[in-house]
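Working notes for the structure below.
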Amino acid sequence: MIPIDDNIRSWQKPIINYWLIGINLVIFLWEIKLDWSNELGDLINNWGIIPAQTNIAIANAFFYNSAAWIIVFWRLLSLPVSLFLHGSFSQIIGNMLFLWVFGKTVESILGHKQYLLLYLTAGFFCGIVQIILSSDITVPIIGANGAIASILGAYMIKFPQAKIYSVLTLLVVYIPVELPVIFYLFWWFIQQSFYGIGSLNIAGGSAFSNVSYWGQCAALVTGAAFMKIRQKF
């Protein structure tokens with residue numbers, strides 16, 4: 001099931017959304033280049049979220065060596081950076097499709113600055129939740145999944161009755177259909193299971209955001225709450 005557009009008219013150009021999609025795609029092309037030269041693992045391991053390492057660094061900083069706060073700072077700095085890293089073709093395509101369809105409409109309501117604030121803040125918060133609840137994960141967690149989940153949450157609050165123009169792929173036949181937005185709220189979480197398809201060759205492996213549905217749920221609620229508050233003022 002592929003979303004291609006919605007039935008909500010946008011009143012301004014989604015400049016930030018264009019930039020976010022563009023930056024994600026350019027960085028993914030760079031990842032492919034690094035993959036060819038076997039250098040991708042260093043990038044992902046340095047800038048992906050690694051909950052186990054982060055929790056160990058925090059424990060060391062509190063109880064053993066205050067110098068470990070430097071490592072904690074480095075690991076926390078990876079939270080916003082990891083939003084722009086993707087580990088497979090299916091992950092980048094799926095994320096950018098959802099961002100294209102739902103992001104442009106949310107940006108037209110929130111405005112450029114608030115939209116960017118929601119995207120980055122919710123993505124950061126999702127990473128924090130992943131570190132807390134997925135503390136045993138030893139491979140990098142990457143992807144914009146949490147940030148996009150917040151966009152879906154904001155969209156659902158503002159446009160619960162929206163219709164999403166979609167394409168149903170059946171072998172080589174493409175059937176156009178119109179689906180309610182609530183369908184894509186569930187489909188978003190289901191499709192996480194397929195994000196390993198077309199994975200890049202990352203030394204040591206990587207985890208996609210489906211390892212922490214709680215993180216994405218937290219981002220979804222963050223987006224919904226953000227839109228609720230926005231509507232009151």
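Chain labels run A, B, ... following the order of the structure tokens; each chain numbers its residues from 1, and ligands are numbered from 1 in the order shown.
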What's around Cys217 in chain A at 10 Å? Count only C-alpha atoms, leave out sequence neighbours fewer than 3 positions away in its own chain, and write the answer as an NGL selection string.
:A and (126 or 129 or 146 or 149-150 or 153 or 189 or 212-214 or 220-223)
Backbone DSSP call of helix (DSSP H, G or I) for range 8-121 of chain A, listed as an MDAnalysis selection string:
chainID A and resid 15:36 40:47 51:63 66:82 89:110 112:121
CA of Asn55 in chain A to CA of Leu116 in chain A, straight-line distance in Å
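Value for the CA of Leu116 in chain A-CA of Asn55 in chain A distance: 28.2 Å.
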Polymer residues at most 10 Å from Ile8 in chain A, only C-alpha atoms, same-chain spacing of 2 or more positions, as a list in words
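In the requested form, the answer reads Asp5, Asp6, Ser10, Trp11, Phe102, Lys104, Thr105, Phe159, Ala162, Lys163 and Ile164 of chain A.
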Would you kindly return, as a PyMOL selection string, each protein, DNA or RNA residue with an atom no farther than 8 Å from any atom of Val72 in chain A, considering only C-alpha atoms and excluding same-chain residues fewer than 2 positions away?
chain A and resi 54+57-58+61+68-70+74-76
Pick from A:Lys33, A:Trp19, A:Gln130, A:Lys228 nearest to Met156 in chain A, counting only C-alpha atoms
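Among A:Lys33, A:Trp19, A:Gln130, A:Lys228, it is A:Lys228 that comes nearest to Met156 in chain A.
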Using only C-alpha atoms, determine which residues lie at most 9 Å from Trp100 in chain A, disregarding the query and same-chain residues fewer than 6 positions distant; provide the list as a PyMOL selection string.
chain A and resi 4-5+17-18+21
Go ahead and compute the interatomic distance for CA of Ile32 in chain A and CA of Ala52 in chain A, in Å to one decimal.
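Computing it gives 26.6 Å between the two atoms.
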Using the chain letters and numbers from this document, which residues of range 83-206 of chain A does DSSP assign to strand (DSSP E), as an MDAnalysis selection string?
chainID A and resid 141:142 163:170 173:180
Coordinates-based distance that separates CA of Pro176 in chain A from CA of Asn145 in chain A (Å, one decimal)
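One can read the CA of Asn145 in chain A to CA of Pro176 in chain A distance as 25.6 Å.
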Taking into account only C-alpha atoms, which residue in the set A:Asn45, A:Ile2, A:Ala122, A:Ile71 is nearest to Leu179 in chain A?
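Smallest separation from Leu179 in chain A among the options: A:Ile2.
For the residues A:Gly48, A:Pro140, A:Pro3, A:Gly87, ranking by smallest atom-to-atom distance to Phe28 in chain A using only C-alpha atoms places A:Gly87 first.
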Looking at only C-alpha atoms, which of A:Ile229, A:Leu200, A:Val167, A:Ile151 is the one that sits closest to Leu185 in chain A?
A:Ile151
Which residue gives the smallest distance to Trp47 in chain A among A:Ser82, A:Gln161, A:Thr138, A:Thr121, with only C-alpha atoms counted?
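Checking each of A:Ser82, A:Gln161, A:Thr138, A:Thr121 against Trp47 in chain A, counting only C-alpha atoms, the winner is A:Ser82.
For the choices A:Gly143, A:Gly103, A:Pro180, A:Gly123, the atom-to-atom distance to Ala219 in chain A is smallest for A:Gly123 when using only C-alpha atoms.
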